[in-house]
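Structure file coords35.pdb (PDB, C-alpha atoms and all ligand atoms) is printed below.
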MODEL        1
ATOM      1  CA  MET A1264     126.520  93.951  76.380
ATOM      2  CA  GLU A1265     125.619  90.908  78.453
ATOM      3  CA  LEU A1266     123.958  88.090  76.615
ATOM      4  CA  GLN A1267     122.064  85.593  78.697
ATOM      5  CA  TRP A1268     119.999  82.760  77.415
ATOM      6  CA  PHE A1269     118.650  79.557  78.753
ATOM      7  CA  PRO A1270     120.161  76.646  76.853
ATOM      8  CA  GLY A1271     117.246  74.398  77.921
ATOM      9  CA  HIS A1272     117.244  71.483  75.505
ATOM     10  CA  MET A1273     120.765  72.217  74.329
ATOM     11  CA  ALA A1274     122.607  70.225  76.954
ATOM     12  CA  LYS A1275     120.343  67.304  76.189
ATOM     13  CA  THR A1276     121.008  67.687  72.464
ATOM     14  CA  ARG A1277     124.769  67.600  73.037
ATOM     15  CA  ARG A1278     124.335  64.266  74.787
ATOM     16  CA  LEU A1279     122.071  62.986  72.036
ATOM     17  CA  MET A1280     124.637  63.994  69.435
ATOM     18  CA  SER A1281     127.390  62.085  71.193
ATOM     19  CA  GLU A1282     125.199  59.002  71.403
ATOM     20  CA  SER A1283     124.004  59.166  67.796
ATOM     21  CA  MET A1284     127.561  59.756  66.620
ATOM     22  CA  LYS A1285     128.180  56.043  67.143
ATOM     23  CA  ILE A1286     125.789  55.108  64.365
ATOM     24  CA  VAL A1287     126.169  57.891  61.801
ATOM     25  CA  ASP A1288     128.618  57.645  58.893
ATOM     26  CA  VAL A1289     129.147  61.299  58.176
ATOM     27  CA  VAL A1290     128.346  64.650  59.730
ATOM     28  CA  ALA A1291     127.083  67.619  57.758
ATOM     29  CA  GLU A1292     128.054  70.601  59.870
ATOM     30  CA  LEU A1293     126.019  73.616  58.848
ATOM     31  CA  VAL A1294     127.337  77.115  59.401
ATOM     32  CA  ASP A1295     125.988  80.457  58.254
ATOM     33  CA  ALA A1296     127.846  81.661  55.141
ATOM     34  CA  ARG A1297     127.717  85.213  56.540
ATOM     35  CA  LEU A1298     129.724  84.225  59.615
ATOM     36  CA  PRO A1299     131.377  80.869  58.983
ATOM     37  CA  LEU A1300     133.631  80.941  62.043
ATOM     38  CA  SER A1301     131.373  82.653  64.562
ATOM     39  CA  SER A1302     128.538  80.265  63.730
ATOM     40  CA  ARG A1303     130.706  77.193  64.314
ATOM     41  CA  ASN A1304     130.060  75.622  67.645
ATOM     42  CA  PRO A1305     133.518  75.291  69.267
ATOM     43  CA  GLU A1306     132.350  72.158  71.095
ATOM     44  CA  ILE A1307     131.540  70.367  67.897
ATOM     45  CA  ASP A1308     135.050  69.083  67.148
ATOM     46  CA  LYS A1309     135.090  67.121  70.356
ATOM     47  CA  ILE A1310     131.665  65.644  69.707
ATOM     48  CA  ILE A1311     132.362  64.713  66.092
ATOM     49  CA  GLY A1312     135.870  63.393  66.717
ATOM     50  CA  GLU A1313     137.301  61.537  63.735
ATOM     51  CA  LYS A1314     133.946  61.002  62.015
ATOM     52  CA  PRO A1315     134.049  62.088  58.341
ATOM     53  CA  ARG A1316     132.480  65.474  57.917
ATOM     54  CA  VAL A1317     131.421  68.027  55.353
ATOM     55  CA  LEU A1318     131.208  71.698  56.172
ATOM     56  CA  ILE A1319     128.152  73.342  54.633
ATOM     57  CA  LEU A1320     128.167  77.113  54.238
ATOM     58  CA  ASN A1321     124.406  77.629  54.175
ATOM     59  CA  LYS A1322     122.395  80.704  53.156
ATOM     60  CA  VAL A1323     124.927  81.699  50.483
ATOM     61  CA  ASP A1324     122.169  83.768  48.887
ATOM     62  CA  MET A1325     122.288  86.095  51.915
ATOM     63  CA  ALA A1326     126.062  86.460  51.994
ATOM     64  CA  ASP A1327     128.484  88.569  49.997
ATOM     65  CA  GLU A1328     129.458  86.380  47.043
ATOM     66  CA  LYS A1329     133.051  87.555  46.960
ATOM     67  CA  ALA A1330     133.464  86.875  50.650
ATOM     68  CA  THR A1331     131.962  83.392  50.301
ATOM     69  CA  ARG A1332     134.539  82.508  47.632
ATOM     70  CA  LYS A1333     137.267  83.577  50.064
ATOM     71  CA  TRP A1334     135.780  81.425  52.797
ATOM     72  CA  VAL A1335     135.556  78.340  50.590
ATOM     73  CA  GLU A1336     139.205  78.834  49.689
ATOM     74  CA  TYR A1337     140.075  79.323  53.359
ATOM     75  CA  PHE A1338     138.551  76.002  54.431
ATOM     76  CA  GLU A1339     139.798  74.062  51.425
ATOM     77  CA  LYS A1340     143.326  75.223  52.175
ATOM     78  CA  ARG A1341     142.921  73.705  55.614
ATOM     79  CA  GLY A1342     141.888  70.367  54.146
ATOM     80  CA  ILE A1343     138.233  70.734  55.107
ATOM     81  CA  SER A1344     135.591  69.454  52.663
ATOM     82  CA  VAL A1345     133.328  72.423  52.121
ATOM     83  CA  ILE A1346     130.457  73.550  49.907
ATOM     84  CA  GLY A1347     128.310  76.668  49.786
ATOM     85  CA  VAL A1348     124.574  76.051  49.453
ATOM     86  CA  ASN A1349     121.204  77.715  49.371
ATOM     87  CA  SER A1350     118.803  75.344  51.093
ATOM     88  CA  ILE A1351     115.754  77.159  49.795
ATOM     89  CA  ASN A1352     116.335  76.803  46.051
ATOM     90  CA  GLY A1353     118.860  73.979  46.285
ATOM     91  CA  LYS A1354     121.714  75.846  44.615
ATOM     92  CA  GLY A1355     125.038  74.169  45.415
ATOM     93  CA  LEU A1356     123.455  70.932  46.637
ATOM     94  CA  GLU A1357     124.456  69.137  43.424
ATOM     95  CA  LYS A1358     128.025  69.110  44.780
ATOM     96  CA  LEU A1359     126.969  67.244  47.889
ATOM     97  CA  ASN A1360     126.958  63.840  46.256
ATOM     98  CA  THR A1361     130.511  64.088  44.957
ATOM     99  CA  ILE A1362     131.833  65.450  48.204
ATOM    100  CA  ALA A1363     129.983  62.853  50.304
ATOM    101  CA  LYS A1364     131.418  60.074  48.170
ATOM    102  CA  LYS A1365     134.877  61.513  48.723
ATOM    103  CA  VAL A1366     134.636  61.664  52.491
ATOM    104  CA  LEU A1367     132.874  58.297  52.597
ATOM    105  CA  ALA A1368     135.297  56.520  50.250
ATOM    106  CA  GLU A1369     136.601  54.345  53.082
ATOM    107  CA  LYS A1370     133.177  53.242  54.270
ATOM    108  CA  ILE A1371     132.003  52.481  50.743
ATOM    109  CA  GLU A1372     135.154  50.417  50.079
ATOM    110  CA  ARG A1373     134.766  48.558  53.389
ATOM    111  CA  ASP A1374     131.099  47.736  52.755
ATOM    112  CA  LYS A1375     131.919  46.564  49.242
ATOM    113  CA  LYS A1376     134.576  44.168  50.511
ATOM    114  CA  ARG A1377     132.149  42.727  53.002
ATOM    115  CA  GLY A1378     129.481  42.541  50.322
ATOM    116  CA  ILE A1379     127.020  44.587  52.340
ATOM    117  CA  ASN A1380     124.869  47.440  51.194
ATOM    118  CA  ARG A1381     123.984  49.544  54.191
ATOM    119  CA  SER A1382     122.296  52.928  54.090
ATOM    120  CA  VAL A1383     124.384  56.045  54.562
ATOM    121  CA  LYS A1384     123.486  57.862  57.749
ATOM    122  CA  ILE A1385     124.116  61.591  57.820
ATOM    123  CA  MET A1386     123.809  63.720  60.945
ATOM    124  CA  VAL A1387     122.981  67.353  60.232
ATOM    125  CA  CYS A1388     124.062  69.660  63.009
ATOM    126  CA  GLY A1389     124.666  73.336  63.645
ATOM    127  CA  ILE A1390     123.554  76.334  65.673
ATOM    128  CA  PRO A1391     119.855  77.310  65.941
ATOM    129  CA  ASN A1392     118.207  78.803  62.844
ATOM    130  CA  VAL A1393     121.133  78.059  60.523
ATOM    131  CA  GLY A1394     118.869  76.062  58.199
ATOM    132  CA  LYS A1395     119.404  72.409  59.168
ATOM    133  CA  SER A1396     115.787  71.355  58.661
ATOM    134  CA  SER A1397     115.491  73.341  55.411
ATOM    135  CA  PHE A1398     118.663  71.683  54.140
ATOM    136  CA  ILE A1399     117.263  68.233  54.911
ATOM    137  CA  ASN A1400     113.877  68.983  53.359
ATOM    138  CA  LYS A1401     115.533  70.234  50.183
ATOM    139  CA  ILE A1402     117.698  67.131  49.855
ATOM    140  CA  ALA A1403     114.814  64.804  50.666
ATOM    141  CA  GLY A1404     112.507  66.672  48.302
ATOM    142  CA  ARG A1405     109.725  66.979  50.848
ATOM    143  CA  ALA A1406     108.858  68.909  53.986
ATOM    144  CA  GLY A1407     109.652  66.036  56.343
ATOM    145  CA  THR A1408     110.757  68.285  59.164
ATOM    146  CA  LYS A1409     109.414  71.613  60.417
ATOM    147  CA  THR A1410     111.273  74.866  59.654
ATOM    148  CA  GLY A1411     110.766  78.457  60.783
ATOM    149  CA  ASP A1412     112.334  81.885  60.822
ATOM    150  CA  ARG A1413     113.307  81.868  64.479
ATOM    151  CA  PRO A1414     115.692  79.747  66.547
ATOM    152  CA  GLY A1415     114.459  76.698  68.434
ATOM    153  CA  ILE A1416     112.067  75.219  65.865
ATOM    154  CA  THR A1417     113.397  71.642  65.971
ATOM    155  CA  LYS A1418     112.929  70.294  69.476
ATOM    156  CA  SER A1419     114.148  66.711  69.242
ATOM    157  CA  GLN A1420     116.133  64.545  66.872
ATOM    158  CA  GLN A1421     114.339  63.110  63.871
ATOM    159  CA  TRP A1422     115.354  60.712  61.100
ATOM    160  CA  ILE A1423     114.306  61.474  57.534
ATOM    161  CA  ARG A1424     114.638  58.527  55.171
ATOM    162  CA  MET A1425     115.263  58.982  51.490
ATOM    163  CA  LYS A1426     114.495  56.576  48.679
ATOM    164  CA  ASP A1427     118.093  55.858  47.726
ATOM    165  CA  GLY A1428     119.196  54.467  51.066
ATOM    166  CA  VAL A1429     120.310  57.709  52.616
ATOM    167  CA  GLU A1430     119.072  58.624  56.068
ATOM    168  CA  LEU A1431     119.326  62.141  57.399
ATOM    169  CA  LEU A1432     119.253  62.962  61.085
ATOM    170  CA  ASP A1433     117.847  66.384  61.963
ATOM    171  CA  MET A1434     119.059  67.799  65.285
ATOM    172  CA  PRO A1435     117.895  70.771  67.367
ATOM    173  CA  GLY A1436     120.271  73.720  67.120
ATOM    174  CA  VAL A1437     122.997  73.932  69.717
ATOM    175  CA  LEU A1438     124.858  76.975  70.949
ATOM    176  CA  TRP A1439     127.553  76.746  73.558
ATOM    177  CA  PRO A1440     127.161  77.713  77.210
ATOM    178  CA  LYS A1441     129.328  80.817  77.149
ATOM    179  CA  PHE A1442     130.448  83.324  74.519
ATOM    180  CA  ASP A1443     134.040  84.218  75.251
ATOM    181  CA  ASN A1444     134.126  86.802  72.583
ATOM    182  CA  GLU A1445     131.607  89.621  72.393
ATOM    183  CA  LYS A1446     132.077  90.003  68.649
ATOM    184  CA  ILE A1447     130.967  86.421  68.099
ATOM    185  CA  ALA A1448     127.878  86.912  70.261
ATOM    186  CA  LEU A1449     126.980  90.084  68.390
ATOM    187  CA  ARG A1450     127.311  88.511  64.951
ATOM    188  CA  LEU A1451     125.115  85.635  66.040
ATOM    189  CA  ALA A1452     122.568  88.103  67.366
ATOM    190  CA  PHE A1453     122.548  90.157  64.132
ATOM    191  CA  THR A1454     121.513  87.108  62.149
ATOM    192  CA  GLY A1455     118.831  86.048  64.622
ATOM    193  CA  ALA A1456     120.579  82.925  65.908
ATOM    194  CA  ILE A1457     119.921  84.207  69.437
ATOM    195  CA  LYS A1458     116.397  85.156  70.436
ATOM    196  CA  ASP A1459     115.790  88.922  70.370
ATOM    197  CA  GLU A1460     113.916  88.819  73.665
ATOM    198  CA  ILE A1461     117.176  88.525  75.565
ATOM    199  CA  ILE A1462     118.902  91.297  73.668
ATOM    200  CA  ASP A1463     118.873  95.090  73.824
ATOM    201  CA  VAL A1464     117.772  95.624  70.228
ATOM    202  CA  GLU A1465     118.642  99.314  70.191
ATOM    203  CA  GLU A1466     122.224  98.678  71.186
ATOM    204  CA  LEU A1467     122.420  95.759  68.780
ATOM    205  CA  ALA A1468     121.123  97.819  65.852
ATOM    206  CA  CYS A1469     123.589 100.643  66.594
ATOM    207  CA  ILE A1470     126.530  98.239  66.562
ATOM    208  CA  LEU A1471     125.285  96.684  63.319
ATOM    209  CA  LEU A1472     124.950 100.153  61.791
ATOM    210  CA  GLU A1473     128.582 100.892  62.649
ATOM    211  CA  TYR A1474     129.692  97.637  61.003
ATOM    212  CA  LEU A1475     127.684  98.546  57.901
ATOM    213  CA  ARG A1476     129.087 102.088  57.977
ATOM    214  CA  ASP A1477     132.618 100.675  57.903
ATOM    215  CA  ASN A1478     132.114  97.809  55.461
ATOM    216  CA  TYR A1479     128.958  98.311  53.419
ATOM    217  CA  SER A1480     128.335 102.064  53.552
ATOM    218  CA  GLU A1481     127.038 102.228  49.980
ATOM    219  CA  ASN A1482     124.364  99.647  50.718
ATOM    220  CA  LEU A1483     123.371 101.457  53.897
ATOM    221  CA  CYS A1484     123.181 104.919  52.315
ATOM    222  CA  GLU A1485     121.284 103.587  49.331
ATOM    223  CA  ARG A1486     118.722 101.727  51.437
ATOM    224  CA  TYR A1487     117.907 104.610  53.784
ATOM    225  CA  LYS A1488     118.677 107.527  51.468
ATOM    226  CA  ILE A1489     121.242 108.971  53.836
ATOM    227  CA  ALA A1490     124.720 110.391  53.204
ATOM    228  CA  ASP A1491     127.917 111.466  54.955
ATOM    229  CA  ILE A1492     127.808 108.779  57.584
ATOM    230  CA  LYS A1493     131.564 108.220  57.751
ATOM    231  CA  ASP A1494     132.048 110.110  61.019
ATOM    232  CA  LYS A1495     128.690 109.314  62.541
ATOM    233  CA  LYS A1496     128.116 107.030  65.488
ATOM    234  CA  GLY A1497     125.644 104.163  65.304
ATOM    235  CA  TYR A1498     122.918 105.973  67.227
ATOM    236  CA  GLU A1499     123.319 109.064  65.041
ATOM    237  CA  ILE A1500     122.810 106.939  61.951
ATOM    238  CA  LEU A1501     119.780 105.360  63.636
ATOM    239  CA  GLU A1502     118.386 108.853  64.300
ATOM    240  CA  GLU A1503     118.759 109.748  60.632
ATOM    241  CA  ILE A1504     116.997 106.576  59.642
ATOM    242  CA  CYS A1505     114.161 107.275  62.114
ATOM    243  CA  ASP A1506     113.921 110.754  60.628
ATOM    244  CA  LYS A1507     113.664 109.442  57.066
ATOM    245  CA  ARG A1508     111.087 106.843  57.975
ATOM    246  CA  GLY A1509     109.095 109.147  60.225
ATOM    247  CA  PHE A1510     109.679 107.024  63.312
ATOM    248  CA  LEU A1511     108.978 109.725  65.861
ATOM    249  CA  GLN A1512     107.076 109.852  69.114
ATOM    250  CA  GLY A1513     105.972 112.475  71.633
ATOM    251  CA  LYS A1514     107.326 115.928  70.935
ATOM    252  CA  GLY A1515     109.631 115.118  68.040
ATOM    253  CA  GLU A1516     111.504 112.375  69.887
ATOM    254  CA  TYR A1517     113.021 109.549  67.911
ATOM    255  CA  ASN A1518     111.391 106.158  68.247
ATOM    256  CA  TYR A1519     114.693 104.298  68.572
ATOM    257  CA  PHE A1520     113.035 100.995  69.377
ATOM    258  CA  ARG A1521     110.971 100.977  66.213
ATOM    259  CA  GLY A1522     113.933 102.097  64.110
ATOM    260  CA  ALA A1523     116.222  99.481  65.633
ATOM    261  CA  ASN A1524     113.756  96.656  65.046
ATOM    262  CA  MET A1525     113.276  97.746  61.476
ATOM    263  CA  VAL A1526     117.024  97.880  60.786
ATOM    264  CA  LEU A1527     117.531  94.398  62.256
ATOM    265  CA  ASN A1528     114.583  92.985  60.336
ATOM    266  CA  GLU A1529     115.693  94.566  57.087
ATOM    267  CA  PHE A1530     119.211  93.248  57.591
ATOM    268  CA  ARG A1531     117.833  89.738  58.186
ATOM    269  CA  GLU A1532     115.645  90.005  55.090
ATOM    270  CA  CYS A1533     118.691  91.136  53.066
ATOM    271  CA  LYS A1534     116.957  94.384  52.185
ATOM    272  CA  ILE A1535     120.177  96.255  52.956
ATOM    273  CA  GLY A1536     122.058  93.867  50.682
ATOM    274  CA  THR A1537     123.919  90.585  50.751
ATOM    275  CA  ILE A1538     126.294  91.135  53.616
ATOM    276  CA  THR A1539     129.004  89.014  55.197
ATOM    277  CA  LEU A1540     129.830  89.747  58.828
ATOM    278  CA  GLU A1541     133.380  88.409  58.997
ATOM    279  CA  LEU A1542     136.211  87.693  56.573
ATOM    280  CA  PRO A1543     139.063  85.203  56.781
ATOM    281  CA  GLU A1544     142.154  86.781  58.363
TER     282      GLU A1544
HETATM  283  N1  LIG A1601     117.653  82.780  52.353
HETATM  284  C1  LIG A1601     117.817  81.560  52.887
HETATM  285  N2  LIG A1601     117.090  81.208  53.958
HETATM  286  C2  LIG A1601     117.282  79.987  54.468
HETATM  287  C3  LIG A1601     118.213  79.063  53.933
HETATM  288  N3  LIG A1601     118.165  77.943  54.675
HETATM  289  C4  LIG A1601     117.245  78.143  55.619
HETATM  290  N4  LIG A1601     116.690  79.375  55.507
HETATM  291  C5  LIG A1601     115.670  79.986  56.386
HETATM  292  O1  LIG A1601     116.232  80.046  57.686
HETATM  293  C6  LIG A1601     115.215  79.863  58.688
HETATM  294  C7  LIG A1601     115.622  78.729  59.616
HETATM  295  O2  LIG A1601     115.536  77.513  58.913
HETATM  296  P1  LIG A1601     115.397  76.107  59.652
HETATM  297  O3  LIG A1601     115.618  75.083  58.600
HETATM  298  O4  LIG A1601     114.161  76.046  60.452
HETATM  299  O5  LIG A1601     116.664  76.186  60.611
HETATM  300  P2  LIG A1601     117.161  75.106  61.700
HETATM  301  O6  LIG A1601     118.641  75.148  61.663
HETATM  302  O7  LIG A1601     116.512  73.803  61.465
HETATM  303  O8  LIG A1601     116.669  75.784  63.046
HETATM  304  P3  LIG A1601     116.375  75.097  64.500
HETATM  305  O9  LIG A1601     115.602  73.844  64.265
HETATM  306  O10 LIG A1601     115.579  76.116  65.203
HETATM  307  O11 LIG A1601     117.693  74.876  65.124
HETATM  308  C8  LIG A1601     113.929  79.603  57.918
HETATM  309  O12 LIG A1601     113.216  80.822  57.859
HETATM  310  C9  LIG A1601     114.404  79.168  56.556
HETATM  311  O13 LIG A1601     113.468  79.474  55.547
HETATM  312  C10 LIG A1601     119.006  79.486  52.802
HETATM  313  O14 LIG A1601     119.865  78.787  52.274
HETATM  314  N5  LIG A1601     118.748  80.752  52.339
HETATM  315 MG    MG A1602     115.353  72.665  62.641
ENDMDL
END

The structure in this file should be written as structure tokens.
Ligand SMILES: Nc1nc2c(ncn2[C@@H]2O[C@H](COP(=O)(O)OP(=O)(O)OP(=O)(O)O)[C@@H](O)[C@H]2O)c(=O)[nH]1
Ligand SMILES: [Mg+2]
Amino acid sequence: MELQWFPGHMAKTRRLMSESMKIVDVVAELVDARLPLSSRNPEIDKIIGEKPRVLILNKVDMADEKATRKWVEYFEKRGISVIGVNSINGKGLEKLNTIAKKVLAEKIERDKKRGINRSVKIMVCGIPNVGKSSFINKIAGRAGTKTGDRPGITKSQQWIRMKDGVELLDMPGVLWPKFDNEKIALRLAFTGAIKDEIIDVEELACILLEYLRDNYSENLCERYKIADIKDKKGYEILEEICDKRGFLQGKGEYNYFRGANMVLNEFRECKIGTITLELPE
């Protein structure tokens, strides 16, 4: 499967990030809790450099709880400050303060010595649709920046000021110019981080169905009232689903397109369950 997309504003955003990096104190790097490695922009380390950072596993409500615990452990073991959050209801955000103080200890100490009281500037970055703007709005307690259920909502950088001297910088989502690994591209596509218009949704749905068959077969069978899928290929499972839902066309032909779109949508709405797409090694 070839994935092509036009990065458009993304190159510009990378430049903006590098420039703004000079003035921010800490970076909140958002990744999707369902795919914490695949949703990490490999270019980000170079851009962030030595700047203090906190890794935010967002959308924990959509991920497999057990898997999220493993991921938190995985990053902590590597000395990375990490928290899991739900940016819609704010769950997990209470830990942000403590963790920010920890990574900012040096700056706070320095400012104290100099007797200055500057605001803390936080850059929020991550791939498209990961929930950066939602995260900021939840922390700020108001809808200061636009959100939406498709990638590419935030088009330019925007500062959101909070009462207590914290300033949050919202950035447009950035992917990287080339996916070296097809698995990574697919996982990103499952979650909707890449626009569906550039993807063959039928192929995508079939690959997702095979992942679910192998890792979450109970959820899949329960949702679509199907059974004995162990030896079935993705498209065969899709056919069964089309059958159950009455997605047919012409003379008893399956409407694969309709079935595929439904499976992808239901996955993204967590109707099949809370599912994690990759586990730590
Ligand atoms: N279930 C759930 N949905 C979330 C969470 N955070 C964000 N969302 C949803 O994810 C979608 C994308 O959210 P945004 O905040 O617009 O994402 P963004 O990273 O700013 O996206 P771009 O600006 O396009 O790069 C929206 O539909 C949000 O409602 C979360 O923690 N849980
Ligand atoms: Mg945004």

Could you write out as a ChimeraX atom specification the residues that the PyMOL selection byres (((not hetatm)) within 8 of (chain A and resi 1602)) matches in the shown file? /A:1391-1392,1394-1397,1408-1411,1415-1418,1433-1436

Which residues form the shell of 10 Å around ligand LIG 1601 (chain A) when you count all atoms listed in the file, given as a PyMOL selection string? chain A and resi 1293-1296+1320-1326+1347-1355+1387-1401+1408-1420+1433-1438+1454-1456+1531-1533

Got a sec: who's within 9 Å of Pro1315 of chain A, counting all atoms listed in the file, leaving out chain neighbours fewer than 5 positions off, as an MDAnalysis selection string? chainID A and resid 1288:1291 1366:1367

Based on the selection just made, write C-alpha atoms of those residues as a PDB file, in the coordinates of the input.
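Here's the written file out_18.pdb:
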ATOM      1  CA  ASP A1288     128.618  57.645  58.893  1.00  0.00           C
ATOM      2  CA  VAL A1289     129.147  61.299  58.176  1.00  0.00           C
ATOM      3  CA  VAL A1290     128.346  64.650  59.730  1.00  0.00           C
ATOM      4  CA  ALA A1291     127.083  67.619  57.758  1.00  0.00           C
ATOM      5  CA  VAL A1366     134.636  61.664  52.491  1.00  0.00           C
ATOM      6  CA  LEU A1367     132.874  58.297  52.597  1.00  0.00           C
TER       7      LEU A1367
END

Enumerate, as a VMD selection string, the residues matched when the PyMOL selection byres (((chain A and resi 1474) around 12) and not hetatm) is run on the file above. chain A and resid 1446 1449 to 1450 1453 1467 to 1473 1475 to 1480 1482 to 1483 1492 to 1493 1495 to 1497 1500 1530 1538 to 1541

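Residues lying within 10 Å of Val1335 of chain A, counting all atoms listed in the file and ignoring same-chain neighbours fewer than 5 positions away, are A:Ala1296, A:Pro1299, A:Leu1318, A:Ile1319, A:Leu1320, A:Ala1330, A:Lys1340, A:Ile1343, A:Ser1344, A:Val1345, A:Ile1346, A:Gly1347, A:Pro1543.
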
What does the structure give for the distance between atom CA of Ala1403 of chain A and atom CA of Arg1424 of chain A, in Å to one decimal? 7.7 Å

Since the input lacks atoms, please generate N, CA and C atoms for segment 1276-1297 of chain A and provide them as a short mmCIF file (atom, residue, chain, number, x, y, z; two decimals), in the frame of the given file.
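The new file part_22.cif reads:
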data_model
loop_
_atom_site.label_atom_id
_atom_site.label_comp_id
_atom_site.auth_asym_id
_atom_site.auth_seq_id
_atom_site.Cartn_x
_atom_site.Cartn_y
_atom_site.Cartn_z
N THR A 1276 120.66 67.93 73.87
CA THR A 1276 121.01 67.69 72.46
C THR A 1276 122.48 67.30 72.32
N ARG A 1277 123.33 67.96 73.09
CA ARG A 1277 124.77 67.60 73.04
C ARG A 1277 124.96 66.13 73.37
N ARG A 1278 124.23 65.68 74.39
CA ARG A 1278 124.34 64.27 74.79
C ARG A 1278 123.82 63.36 73.69
N LEU A 1279 122.66 63.76 73.13
CA LEU A 1279 122.07 62.99 72.04
C LEU A 1279 123.03 62.88 70.86
N MET A 1280 123.71 63.99 70.56
CA MET A 1280 124.64 63.99 69.44
C MET A 1280 125.76 63.00 69.67
N SER A 1281 126.31 63.01 70.88
CA SER A 1281 127.39 62.08 71.19
C SER A 1281 126.94 60.65 71.05
N GLU A 1282 125.72 60.37 71.51
CA GLU A 1282 125.20 59.00 71.40
C GLU A 1282 124.98 58.60 69.95
N SER A 1283 124.33 59.49 69.19
CA SER A 1283 124.00 59.17 67.80
C SER A 1283 125.26 59.09 66.94
N MET A 1284 126.31 59.74 67.38
CA MET A 1284 127.56 59.76 66.62
C MET A 1284 128.05 58.34 66.35
N LYS A 1285 127.72 57.43 67.28
CA LYS A 1285 128.18 56.04 67.14
C LYS A 1285 127.60 55.38 65.90
N ILE A 1286 126.42 55.81 65.50
CA ILE A 1286 125.79 55.11 64.36
C ILE A 1286 125.79 55.89 63.06
N VAL A 1287 126.19 57.16 63.07
CA VAL A 1287 126.17 57.89 61.80
C VAL A 1287 127.50 57.70 61.06
N ASP A 1288 127.42 57.84 59.72
CA ASP A 1288 128.62 57.64 58.89
C ASP A 1288 129.34 58.96 58.62
N VAL A 1289 128.56 60.01 58.55
CA VAL A 1289 129.15 61.30 58.18
C VAL A 1289 128.34 62.42 58.83
N VAL A 1290 129.02 63.51 59.12
CA VAL A 1290 128.35 64.65 59.73
C VAL A 1290 128.34 65.81 58.74
N ALA A 1291 127.17 66.39 58.53
CA ALA A 1291 127.08 67.62 57.76
C ALA A 1291 126.98 68.75 58.77
N GLU A 1292 128.04 69.50 58.90
CA GLU A 1292 128.05 70.60 59.87
C GLU A 1292 127.65 71.88 59.15
N LEU A 1293 126.49 72.40 59.50
CA LEU A 1293 126.02 73.62 58.85
C LEU A 1293 126.49 74.86 59.59
N VAL A 1294 127.04 75.80 58.84
CA VAL A 1294 127.34 77.11 59.40
C VAL A 1294 126.68 78.16 58.50
N ASP A 1295 126.59 79.36 59.01
CA ASP A 1295 125.99 80.46 58.25
C ASP A 1295 127.07 81.08 57.38
N ALA A 1296 126.84 81.14 56.07
CA ALA A 1296 127.85 81.66 55.14
C ALA A 1296 128.24 83.11 55.46
N ARG A 1297 127.39 83.82 56.20
CA ARG A 1297 127.72 85.21 56.54
C ARG A 1297 128.69 85.32 57.70
#
